[in-house]
>>> print(open('model.txt').read())   # compact mmCIF, C-alpha atoms
# COMPACT_ATOMS: atom_id res chain seq x y z
CA MET Q 1 -29.60 -25.92 -2.35
CA ASN Q 2 -26.85 -28.55 -2.31
CA MET Q 3 -25.28 -30.58 0.47
CA LYS Q 4 -22.56 -27.99 1.10
CA SER Q 5 -25.17 -25.32 1.85
CA LEU Q 6 -26.63 -27.36 4.71
CA PRO Q 7 -25.43 -26.80 8.31
CA ALA Q 8 -22.37 -28.89 9.24
CA GLU Q 9 -24.34 -30.84 11.82
CA THR Q 10 -27.00 -31.73 9.28
CA ARG Q 11 -24.39 -32.81 6.70
CA LYS Q 12 -22.76 -35.03 9.31
CA ARG Q 13 -26.05 -36.69 10.23
CA ILE Q 14 -27.13 -37.25 6.65
CA SER Q 15 -23.76 -38.79 5.81
CA LEU Q 16 -24.62 -41.70 8.10
CA ARG Q 17 -25.48 -45.07 6.64
CA GLY Q 18 -28.12 -47.67 7.36
CA THR Q 19 -30.90 -47.00 9.83
CA GLY Q 20 -28.98 -44.02 11.23
CA MET Q 21 -29.20 -42.37 7.84
CA TYR Q 22 -32.98 -42.88 7.65
CA ALA Q 23 -33.40 -41.39 11.12
CA ALA Q 24 -31.25 -38.38 10.24
CA ILE Q 25 -33.23 -37.68 7.09
CA ALA Q 26 -36.55 -38.11 8.91
CA GLU Q 27 -35.37 -35.69 11.59
CA ARG Q 28 -34.43 -33.07 9.03
CA LEU Q 29 -37.76 -33.45 7.24
CA ARG Q 30 -39.60 -33.02 10.56
CA GLU Q 31 -37.71 -29.77 11.09
CA MET Q 32 -38.61 -28.57 7.60
CA ILE Q 33 -42.28 -29.34 8.19
CA LEU Q 34 -42.33 -27.75 11.65
CA GLU Q 35 -40.55 -24.61 10.45
CA GLY Q 36 -42.81 -24.23 7.42
CA GLU Q 37 -40.20 -25.00 4.76
CA LEU Q 38 -42.58 -27.77 3.70
CA PRO Q 39 -46.06 -26.24 4.22
CA PRO Q 40 -49.22 -28.27 4.96
CA GLY Q 41 -50.76 -29.73 1.83
CA ASP Q 42 -47.64 -29.31 -0.31
CA HIS Q 43 -46.55 -32.09 -2.64
CA ILE Q 44 -43.13 -33.42 -1.63
CA ASP Q 45 -40.67 -33.22 -4.50
CA GLU Q 46 -38.57 -36.34 -3.95
CA LYS Q 47 -36.11 -35.52 -6.71
CA ALA Q 48 -35.40 -32.07 -5.29
CA LEU Q 49 -34.91 -33.45 -1.78
CA CYS Q 50 -32.56 -36.16 -3.03
CA GLU Q 51 -30.46 -33.48 -4.68
CA GLN Q 52 -30.61 -31.25 -1.60
CA PHE Q 53 -29.50 -34.02 0.76
CA ASP Q 54 -27.19 -35.68 -1.79
CA ILE Q 55 -28.82 -39.06 -1.28
CA SER Q 56 -30.60 -41.72 -3.33
CA ARG Q 57 -34.37 -42.08 -3.35
CA THR Q 58 -34.42 -45.27 -1.22
CA PRO Q 59 -33.36 -43.72 2.13
CA LEU Q 60 -35.56 -40.70 1.45
CA ARG Q 61 -38.61 -42.90 0.97
CA GLU Q 62 -37.83 -44.87 4.12
CA ALA Q 63 -37.68 -41.59 6.03
CA LEU Q 64 -40.95 -40.43 4.46
CA LYS Q 65 -42.65 -43.68 5.47
CA THR Q 66 -41.64 -42.95 9.05
CA LEU Q 67 -43.26 -39.53 8.81
CA VAL Q 68 -46.40 -41.13 7.38
CA THR Q 69 -46.74 -43.30 10.50
CA GLU Q 70 -46.30 -40.17 12.64
CA GLY Q 71 -49.03 -38.31 10.76
CA HIS Q 72 -46.75 -35.60 9.36
CA VAL Q 73 -46.98 -36.88 5.78
CA THR Q 74 -49.60 -38.69 3.69
CA HIS Q 75 -49.08 -41.04 0.75
CA ARG Q 76 -51.38 -41.96 -2.11
CA GLN Q 77 -50.58 -44.47 -4.82
CA HIS Q 78 -49.59 -42.76 -8.09
CA MET Q 79 -49.76 -39.40 -6.29
CA GLY Q 80 -46.66 -39.62 -4.13
CA PHE Q 81 -46.05 -38.03 -0.74
CA GLN Q 82 -47.68 -34.88 0.57
CA VAL Q 83 -47.28 -32.86 3.76
CA ALA Q 84 -50.38 -33.71 5.79
CA PRO Q 85 -52.95 -30.89 5.79
CA ILE Q 86 -54.01 -29.33 9.09
CA ASP Q 87 -57.69 -29.41 10.09
CA ARG Q 88 -58.32 -25.97 11.61
CA ASP Q 89 -61.61 -26.95 13.24
CA GLU Q 90 -60.00 -29.93 14.94
CA ILE Q 91 -57.08 -27.80 16.14
CA ALA Q 92 -59.48 -25.22 17.61
CA ALA Q 93 -61.47 -27.94 19.39
CA ILE Q 94 -58.33 -29.50 20.84
CA PHE Q 95 -57.11 -26.16 22.14
CA GLU Q 96 -60.40 -25.61 23.96
CA VAL Q 97 -59.74 -28.77 25.95
CA LEU Q 98 -56.05 -28.03 26.44
CA HIS Q 99 -56.79 -24.67 28.06
CA GLY Q 100 -58.58 -26.43 30.89
CA LEU Q 101 -55.97 -29.15 31.22
CA GLU Q 102 -53.17 -26.58 31.48
CA GLU Q 103 -55.02 -24.69 34.21
CA THR Q 104 -55.76 -27.83 36.20
CA ALA Q 105 -52.18 -29.03 35.84
CA GLY Q 106 -50.90 -25.71 37.16
CA ARG Q 107 -53.06 -25.82 40.27
CA LEU Q 108 -51.97 -29.37 41.06
CA ALA Q 109 -48.30 -28.92 40.15
CA ALA Q 110 -47.94 -25.98 42.54
CA GLN Q 111 -48.99 -28.28 45.38
CA ARG Q 112 -46.84 -31.25 44.41
CA ILE Q 113 -43.60 -30.06 42.82
CA ASP Q 114 -40.39 -30.58 44.80
CA ASP Q 115 -37.13 -28.62 44.72
CA LYS Q 116 -35.38 -31.10 42.42
CA GLN Q 117 -38.16 -30.91 39.84
CA MET Q 118 -38.22 -27.13 40.10
CA LYS Q 119 -34.48 -26.99 39.44
CA MET Q 120 -34.88 -29.16 36.35
CA LEU Q 121 -37.62 -26.90 35.00
CA MET Q 122 -35.47 -23.82 35.53
CA GLU Q 123 -32.63 -25.47 33.61
CA ARG Q 124 -34.97 -26.20 30.72
CA HIS Q 125 -36.21 -22.63 30.80
CA ARG Q 126 -32.65 -21.33 30.59
CA ALA Q 127 -32.12 -23.60 27.58
CA MET Q 128 -35.20 -22.03 25.98
CA GLU Q 129 -33.73 -18.57 26.57
CA THR Q 130 -30.51 -19.65 24.86
CA TYR Q 131 -32.35 -21.11 21.87
CA HIS Q 132 -34.38 -17.91 21.57
CA ARG Q 133 -31.25 -15.74 21.54
CA GLU Q 134 -29.70 -17.99 18.90
CA GLY Q 135 -32.86 -18.11 16.79
CA LYS Q 136 -33.12 -21.90 17.00
CA ARG Q 137 -36.86 -22.34 16.63
CA THR Q 138 -36.99 -26.12 16.46
CA ALA Q 139 -34.75 -26.58 19.51
CA TYR Q 140 -36.78 -23.95 21.36
CA TYR Q 141 -40.04 -25.63 20.50
CA ARG Q 142 -38.82 -29.00 21.75
CA ALA Q 143 -37.59 -27.50 25.02
CA ASN Q 144 -40.92 -25.70 25.31
CA GLN Q 145 -42.80 -28.96 24.89
CA LYS Q 146 -40.70 -30.58 27.60
CA VAL Q 147 -41.40 -27.75 30.04
CA HIS Q 148 -45.16 -27.98 29.53
CA GLN Q 149 -45.21 -31.77 29.73
CA HIS Q 150 -43.01 -31.64 32.83
CA ILE Q 151 -45.45 -29.32 34.60
CA VAL Q 152 -48.33 -31.60 33.66
CA ASP Q 153 -46.45 -34.68 34.86
CA VAL Q 154 -45.52 -32.97 38.15
CA ALA Q 155 -49.25 -32.54 38.75
CA GLY Q 156 -49.15 -36.23 39.60
CA ASN Q 157 -52.32 -37.28 37.79
CA PRO Q 158 -51.65 -40.01 35.19
CA VAL Q 159 -55.03 -39.52 33.52
CA LEU Q 160 -54.29 -35.82 33.06
CA SER Q 161 -50.79 -36.58 31.74
CA ASP Q 162 -52.05 -39.12 29.22
CA MET Q 163 -54.83 -36.85 27.96
CA TYR Q 164 -52.46 -33.91 27.61
CA SER Q 165 -49.77 -35.91 25.82
CA SER Q 166 -52.31 -37.43 23.42
CA LEU Q 167 -53.86 -34.08 22.51
CA MET Q 168 -50.51 -32.35 22.14
CA SER Q 169 -49.38 -34.98 19.64
CA LYS Q 170 -52.36 -34.03 17.45
CA ILE Q 171 -51.43 -30.35 17.27
CA HIS Q 172 -47.64 -30.72 17.16
CA ARG Q 173 -47.16 -29.17 13.73
CA ALA Q 174 -49.78 -26.46 14.14
CA ARG Q 175 -48.48 -25.39 17.54
CA GLY Q 176 -45.00 -24.87 16.18
CA ALA Q 177 -46.41 -22.12 13.97
CA ALA Q 178 -47.08 -19.96 17.03
CA ASN Q 179 -43.42 -18.94 17.22
CA ALA Q 180 -43.17 -18.02 13.55
CA ASP Q 181 -43.90 -14.42 14.52
CA VAL Q 182 -40.83 -12.90 16.19
CA LEU Q 183 -42.84 -10.69 18.55
CA ARG Q 184 -45.08 -13.54 19.67
CA TRP Q 185 -42.01 -15.71 20.23
CA ALA Q 186 -40.57 -13.11 22.61
CA GLU Q 187 -43.94 -12.68 24.34
CA SER Q 188 -44.22 -16.44 24.80
CA LEU Q 189 -40.82 -16.60 26.45
CA GLY Q 190 -41.84 -13.80 28.79
CA GLU Q 191 -45.00 -15.69 29.70
CA HIS Q 192 -42.87 -18.72 30.53
CA SER Q 193 -40.83 -16.63 32.95
CA GLU Q 194 -44.03 -15.59 34.75
CA ILE Q 195 -45.24 -19.19 34.80
CA LEU Q 196 -42.06 -20.48 36.42
CA ASP Q 197 -42.05 -17.61 38.91
CA ALA Q 198 -45.57 -18.54 40.02
CA LEU Q 199 -44.58 -22.20 40.23
CA SER Q 200 -41.50 -21.41 42.33
CA LYS Q 201 -43.81 -19.57 44.75
CA ARG Q 202 -46.22 -22.53 44.78
CA ASP Q 203 -49.01 -20.14 43.82
CA GLY Q 204 -51.47 -22.59 42.29
CA ALA Q 205 -54.27 -20.14 41.51
CA ASN Q 206 -51.97 -17.72 39.70
CA LEU Q 207 -50.07 -20.51 37.97
CA GLY Q 208 -53.27 -22.06 36.67
CA ARG Q 209 -54.43 -18.69 35.36
CA LEU Q 210 -51.09 -17.97 33.67
CA LEU Q 211 -50.97 -21.39 32.01
CA ARG Q 212 -54.51 -21.02 30.71
CA GLU Q 213 -53.80 -17.54 29.33
CA HIS Q 214 -50.57 -18.76 27.75
CA SER Q 215 -52.46 -21.59 26.08
CA GLU Q 216 -55.14 -19.17 24.85
CA HIS Q 217 -52.52 -16.80 23.42
CA THR Q 218 -50.79 -19.69 21.68
CA ALA Q 219 -54.09 -20.90 20.24
CA ALA Q 220 -54.92 -17.42 18.93
CA GLU Q 221 -51.55 -17.18 17.16
CA VAL Q 222 -51.84 -20.68 15.71
CA MET Q 223 -55.33 -20.01 14.35
CA LYS Q 224 -54.15 -16.69 12.87
CA VAL Q 225 -51.32 -18.45 11.05
CA LEU Q 226 -53.62 -21.21 9.79
CA GLU Q 227 -56.23 -18.73 8.58
CA ALA Q 228 -53.58 -16.71 6.75
CA ALA Q 229 -52.26 -19.86 5.10
CA ASN Q 230 -55.76 -20.83 4.03
CA ALA Q 231 -56.41 -17.36 2.62
CA GLY Q 232 -53.16 -17.53 0.67
>>> encode(input="model.txt", output="structure tokens")
Amino acid sequence: MNMKSLPAETRKRISLRGTGMYAAIAERLREMILEGELPPGDHIDEKALCEQFDISRTPLREALKTLVTEGHVTHRQHMGFQVAPIDRDEIAAIFEVLHGLEETAGRLAAQRIDDKQMKMLMERHRAMETYHREGKRTAYYRANQKVHQHIVDVAGNPVLSDMYSSLMSKIHRARGAANADVLRWAESLGEHSEILDALSKRDGANLGRLLREHSEHTAAEVMKVLEAANAG
């Protein structure tokens, strides 16, 4: 793949210079990791990426260093850069905790959300629907993250918000795999519609149940993808 084969928006970003260029490259690499173009454990071919992005090795390495600090990439002397592997046992353990946090957040959010916050959530949900129709997985995933974090924040418990945000950051890459299956992606969007309907009705018990089930379904899909990758 050469520069001309990349989307126009990506070409524009990568044509930037200075720190903007590093950020643009890092952003594109994040997308490639999240979407599975660069699978967990894979060695990162710097030469191939330089050719793909039509850049020198210096800005690429600066971008990769950023991803190292974020935990997406690892680096070993004389070995180069590698997409960070995913620990399935850790992911499973984190999901077990997240199920409960989602349920608790739902019960509290139903009591405390106001009309302005509800309107904002509905707007984000409509954005998710648009991204789904257009097949924009990365944009959808980001909007999805914002919806979930918003519900947790609306619960009004800073300890809950901090715990949730911290745990979600640890499963960021693995969770993105849940929408790799087209059917599951559509199911997930449908579950979101039910979640927002329950929230609009301030039905805390139902909302908590729906959020927990949604989290469990997501976890099951993530673990299935990880197990398949390990078997391959």
>>> closest_residue(input="model.txt", among="Q:Thr138, Q:Ser56, Q:Ser169, Q:Gln145", to="Glu70 (chain Q)", atoms="all atoms listed in the file")
Q:Ser169
>>> closest_residue(input="model.txt", among="Q:Arg202, Q:His75, Q:Arg209, Q:Arg30", to="Asp114 (chain Q)", atoms="all atoms listed in the file")
Q:Arg202
>>> closest_residue(input="model.txt", among="Q:Ser200, Q:Asn230, Q:Thr218, Q:Thr74", to="Met120 (chain Q)", atoms="only C-alpha atoms")
Q:Ser200
>>> atom_distance(input="model.txt", atom1="CA of Ala127 (chain Q)", atom2="CA of Tyr140 (chain Q)")
7.8 Å
>>> atom_distance(input="model.txt", atom1="CA of Ala63 (chain Q)", atom2="CA of Ala48 (chain Q)")
15.0 Å
>>> closest_residue(input="model.txt", among="Q:Glu213, Q:Glu227, Q:Asp181, Q:Glu221", to="His99 (chain Q)", atoms="all atoms listed in the file")
Q:Glu213
>>> closest_residue(input="model.txt", among="Q:Glu191, Q:Asp89, Q:Glu31, Q:Glu46", to="Val222 (chain Q)", atoms="only C-alpha atoms")
Q:Asp89
>>> atom_distance(input="model.txt", atom1="CA of Leu98 (chain Q)", atom2="CA of Met168 (chain Q)")
8.2 Å
>>> closest_residue(input="model.txt", among="Q:Val147, Q:Cys50, Q:Met21, Q:Ile91", to="Glu123 (chain Q)", atoms="only C-alpha atoms")
Q:Val147
>>> residues_near_point(input="model.txt", point="(-39.9, -18.2, 32.0)", cutoff="9 Å", atoms="only C-alpha atoms", output="count of residues only")
15
>>> residues_around(input="model.txt", residues="Leu108 (chain Q)", least_positions_apart="6", cutoff="8 Å", atoms="only C-alpha atoms", output="ChimeraX atom specification")
/Q:154-156,204
>>> residues_near_point(input="model.txt", point="(-42.2, -32.1, -1.7)", cutoff="12 Å", atoms="only C-alpha atoms", output="number ranges by chain")
Q: 29, 32-33, 37-50, 52, 60-61, 64, 73-75, 79-84
>>> residues_around(input="model.txt", residues="Arg88 (chain Q)", least_positions_apart="6", cutoff="9 Å", atoms="only C-alpha atoms", output="VMD selection string")
chain Q and resid 174 223 226 to 227
>>> write_last_selection(input="model.txt", atoms="C-alpha atoms", output="compact mmCIF listing (two decimals), keeping the file's coordinate frame")
# COMPACT_ATOMS: atom_id res chain seq x y z
CA ALA Q 174 -49.78 -26.46 14.14
CA MET Q 223 -55.33 -20.01 14.35
CA LEU Q 226 -53.62 -21.21 9.79
CA GLU Q 227 -56.23 -18.73 8.58
>>> residues_around(input="model.txt", residues="His217 (chain Q)", least_positions_apart="5", cutoff="12 Å", atoms="only C-alpha atoms", output="PyMOL selection string")
chain Q and resi 95-96+99+175+178-179+184-185+187-188+191+210-212+222-224
>>> residues_around(input="model.txt", residues="Ser165 (chain Q)", least_positions_apart="4", cutoff="12 Å", atoms="only C-alpha atoms", output="list in words")
Ile94, Leu98, Leu101, Glu102, Gln145, Lys146, His148, Gln149, His150, Ile151, Val152, Asp153, Pro158, Val159, Leu160, Ser161, Ser169, Lys170, Ile171 and His172 of chain Q
>>> build_atoms(input="model.txt", residues="region 121-152 of chain Q", atoms="N, CA and C atoms", output="PDB file, in the coordinates of the input")
ATOM      1  N   LEU Q 121     -36.817 -27.783  35.842  1.00  0.00           N
ATOM      2  CA  LEU Q 121     -37.620 -26.900  35.000  1.00  0.00           C
ATOM      3  C   LEU Q 121     -36.886 -25.588  34.721  1.00  0.00           C
ATOM      4  N   MET Q 122     -36.213 -25.062  35.729  1.00  0.00           N
ATOM      5  CA  MET Q 122     -35.470 -23.820  35.530  1.00  0.00           C
ATOM      6  C   MET Q 122     -34.331 -24.016  34.534  1.00  0.00           C
ATOM      7  N   GLU Q 123     -33.695 -25.174  34.569  1.00  0.00           N
ATOM      8  CA  GLU Q 123     -32.630 -25.470  33.610  1.00  0.00           C
ATOM      9  C   GLU Q 123     -33.180 -25.530  32.192  1.00  0.00           C
ATOM     10  N   ARG Q 124     -34.347 -26.124  32.041  1.00  0.00           N
ATOM     11  CA  ARG Q 124     -34.970 -26.200  30.720  1.00  0.00           C
ATOM     12  C   ARG Q 124     -35.385 -24.814  30.237  1.00  0.00           C
ATOM     13  N   HIS Q 125     -35.829 -23.992  31.177  1.00  0.00           N
ATOM     14  CA  HIS Q 125     -36.210 -22.630  30.800  1.00  0.00           C
ATOM     15  C   HIS Q 125     -34.986 -21.839  30.339  1.00  0.00           C
ATOM     16  N   ARG Q 126     -33.874 -22.009  31.014  1.00  0.00           N
ATOM     17  CA  ARG Q 126     -32.650 -21.330  30.590  1.00  0.00           C
ATOM     18  C   ARG Q 126     -32.212 -21.798  29.194  1.00  0.00           C
ATOM     19  N   ALA Q 127     -32.430 -23.078  28.923  1.00  0.00           N
ATOM     20  CA  ALA Q 127     -32.120 -23.600  27.580  1.00  0.00           C
ATOM     21  C   ALA Q 127     -33.011 -22.918  26.541  1.00  0.00           C
ATOM     22  N   MET Q 128     -34.286 -22.719  26.886  1.00  0.00           N
ATOM     23  CA  MET Q 128     -35.200 -22.030  25.980  1.00  0.00           C
ATOM     24  C   MET Q 128     -34.719 -20.603  25.705  1.00  0.00           C
ATOM     25  N   GLU Q 129     -34.244 -19.929  26.740  1.00  0.00           N
ATOM     26  CA  GLU Q 129     -33.730 -18.570  26.570  1.00  0.00           C
ATOM     27  C   GLU Q 129     -32.540 -18.552  25.605  1.00  0.00           C
ATOM     28  N   THR Q 130     -31.676 -19.548  25.749  1.00  0.00           N
ATOM     29  CA  THR Q 130     -30.510 -19.650  24.860  1.00  0.00           C
ATOM     30  C   THR Q 130     -30.943 -19.890  23.421  1.00  0.00           C
ATOM     31  N   TYR Q 131     -31.870 -20.815  23.222  1.00  0.00           N
ATOM     32  CA  TYR Q 131     -32.350 -21.110  21.870  1.00  0.00           C
ATOM     33  C   TYR Q 131     -33.021 -19.883  21.253  1.00  0.00           C
ATOM     34  N   HIS Q 132     -33.730 -19.120  22.070  1.00  0.00           N
ATOM     35  CA  HIS Q 132     -34.380 -17.910  21.570  1.00  0.00           C
ATOM     36  C   HIS Q 132     -33.348 -16.896  21.114  1.00  0.00           C
ATOM     37  N   ARG Q 133     -32.310 -16.684  21.910  1.00  0.00           N
ATOM     38  CA  ARG Q 133     -31.250 -15.740  21.540  1.00  0.00           C
ATOM     39  C   ARG Q 133     -30.569 -16.161  20.240  1.00  0.00           C
ATOM     40  N   GLU Q 134     -30.407 -17.468  20.070  1.00  0.00           N
ATOM     41  CA  GLU Q 134     -29.700 -17.990  18.900  1.00  0.00           C
ATOM     42  C   GLU Q 134     -30.623 -18.201  17.697  1.00  0.00           C
ATOM     43  N   GLY Q 135     -31.913 -17.954  17.890  1.00  0.00           N
ATOM     44  CA  GLY Q 135     -32.860 -18.110  16.790  1.00  0.00           C
ATOM     45  C   GLY Q 135     -33.123 -19.542  16.386  1.00  0.00           C
ATOM     46  N   LYS Q 136     -32.926 -20.474  17.304  1.00  0.00           N
ATOM     47  CA  LYS Q 136     -33.120 -21.900  17.000  1.00  0.00           C
ATOM     48  C   LYS Q 136     -34.555 -22.300  17.341  1.00  0.00           C
ATOM     49  N   ARG Q 137     -35.437 -22.128  16.384  1.00  0.00           N
ATOM     50  CA  ARG Q 137     -36.860 -22.340  16.630  1.00  0.00           C
ATOM     51  C   ARG Q 137     -37.202 -23.796  16.973  1.00  0.00           C
ATOM     52  N   THR Q 138     -36.651 -24.722  16.221  1.00  0.00           N
ATOM     53  CA  THR Q 138     -36.990 -26.120  16.460  1.00  0.00           C
ATOM     54  C   THR Q 138     -36.513 -26.571  17.836  1.00  0.00           C
ATOM     55  N   ALA Q 139     -35.283 -26.218  18.193  1.00  0.00           N
ATOM     56  CA  ALA Q 139     -34.750 -26.580  19.510  1.00  0.00           C
ATOM     57  C   ALA Q 139     -35.567 -25.917  20.611  1.00  0.00           C
ATOM     58  N   TYR Q 140     -35.954 -24.662  20.384  1.00  0.00           N
ATOM     59  CA  TYR Q 140     -36.780 -23.950  21.360  1.00  0.00           C
ATOM     60  C   TYR Q 140     -38.118 -24.652  21.547  1.00  0.00           C
ATOM     61  N   TYR Q 141     -38.728 -25.001  20.431  1.00  0.00           N
ATOM     62  CA  TYR Q 141     -40.040 -25.630  20.500  1.00  0.00           C
ATOM     63  C   TYR Q 141     -39.987 -26.949  21.265  1.00  0.00           C
ATOM     64  N   ARG Q 142     -38.944 -27.715  21.046  1.00  0.00           N
ATOM     65  CA  ARG Q 142     -38.820 -29.000  21.750  1.00  0.00           C
ATOM     66  C   ARG Q 142     -38.635 -28.775  23.250  1.00  0.00           C
ATOM     67  N   ALA Q 143     -37.788 -27.802  23.607  1.00  0.00           N
ATOM     68  CA  ALA Q 143     -37.590 -27.500  25.020  1.00  0.00           C
ATOM     69  C   ALA Q 143     -38.896 -26.994  25.631  1.00  0.00           C
ATOM     70  N   ASN Q 144     -39.634 -26.214  24.866  1.00  0.00           N
ATOM     71  CA  ASN Q 144     -40.920 -25.700  25.310  1.00  0.00           C
ATOM     72  C   ASN Q 144     -41.897 -26.838  25.590  1.00  0.00           C
ATOM     73  N   GLN Q 145     -41.938 -27.796  24.693  1.00  0.00           N
ATOM     74  CA  GLN Q 145     -42.800 -28.960  24.890  1.00  0.00           C
ATOM     75  C   GLN Q 145     -42.454 -29.700  26.175  1.00  0.00           C
ATOM     76  N   LYS Q 146     -41.155 -29.860  26.414  1.00  0.00           N
ATOM     77  CA  LYS Q 146     -40.700 -30.580  27.600  1.00  0.00           C
ATOM     78  C   LYS Q 146     -41.097 -29.859  28.880  1.00  0.00           C
ATOM     79  N   VAL Q 147     -41.018 -28.529  28.861  1.00  0.00           N
ATOM     80  CA  VAL Q 147     -41.400 -27.750  30.040  1.00  0.00           C
ATOM     81  C   VAL Q 147     -42.883 -27.944  30.341  1.00  0.00           C
ATOM     82  N   HIS Q 148     -43.712 -27.819  29.322  1.00  0.00           N
ATOM     83  CA  HIS Q 148     -45.160 -27.980  29.530  1.00  0.00           C
ATOM     84  C   HIS Q 148     -45.505 -29.393  29.991  1.00  0.00           C
ATOM     85  N   GLN Q 149     -44.922 -30.393  29.336  1.00  0.00           N
ATOM     86  CA  GLN Q 149     -45.210 -31.770  29.730  1.00  0.00           C
ATOM     87  C   GLN Q 149     -44.709 -32.044  31.133  1.00  0.00           C
ATOM     88  N   HIS Q 150     -43.577 -31.452  31.492  1.00  0.00           N
ATOM     89  CA  HIS Q 150     -43.010 -31.640  32.830  1.00  0.00           C
ATOM     90  C   HIS Q 150     -43.968 -31.098  33.888  1.00  0.00           C
ATOM     91  N   ILE Q 151     -44.504 -29.906  33.646  1.00  0.00           N
ATOM     92  CA  ILE Q 151     -45.450 -29.320  34.600  1.00  0.00           C
ATOM     93  C   ILE Q 151     -46.670 -30.214  34.745  1.00  0.00           C
ATOM     94  N   VAL Q 152     -47.161 -30.709  33.619  1.00  0.00           N
ATOM     95  CA  VAL Q 152     -48.330 -31.600  33.660  1.00  0.00           C
ATOM     96  C   VAL Q 152     -48.008 -32.877  34.419  1.00  0.00           C
TER      97      VAL Q 152
END
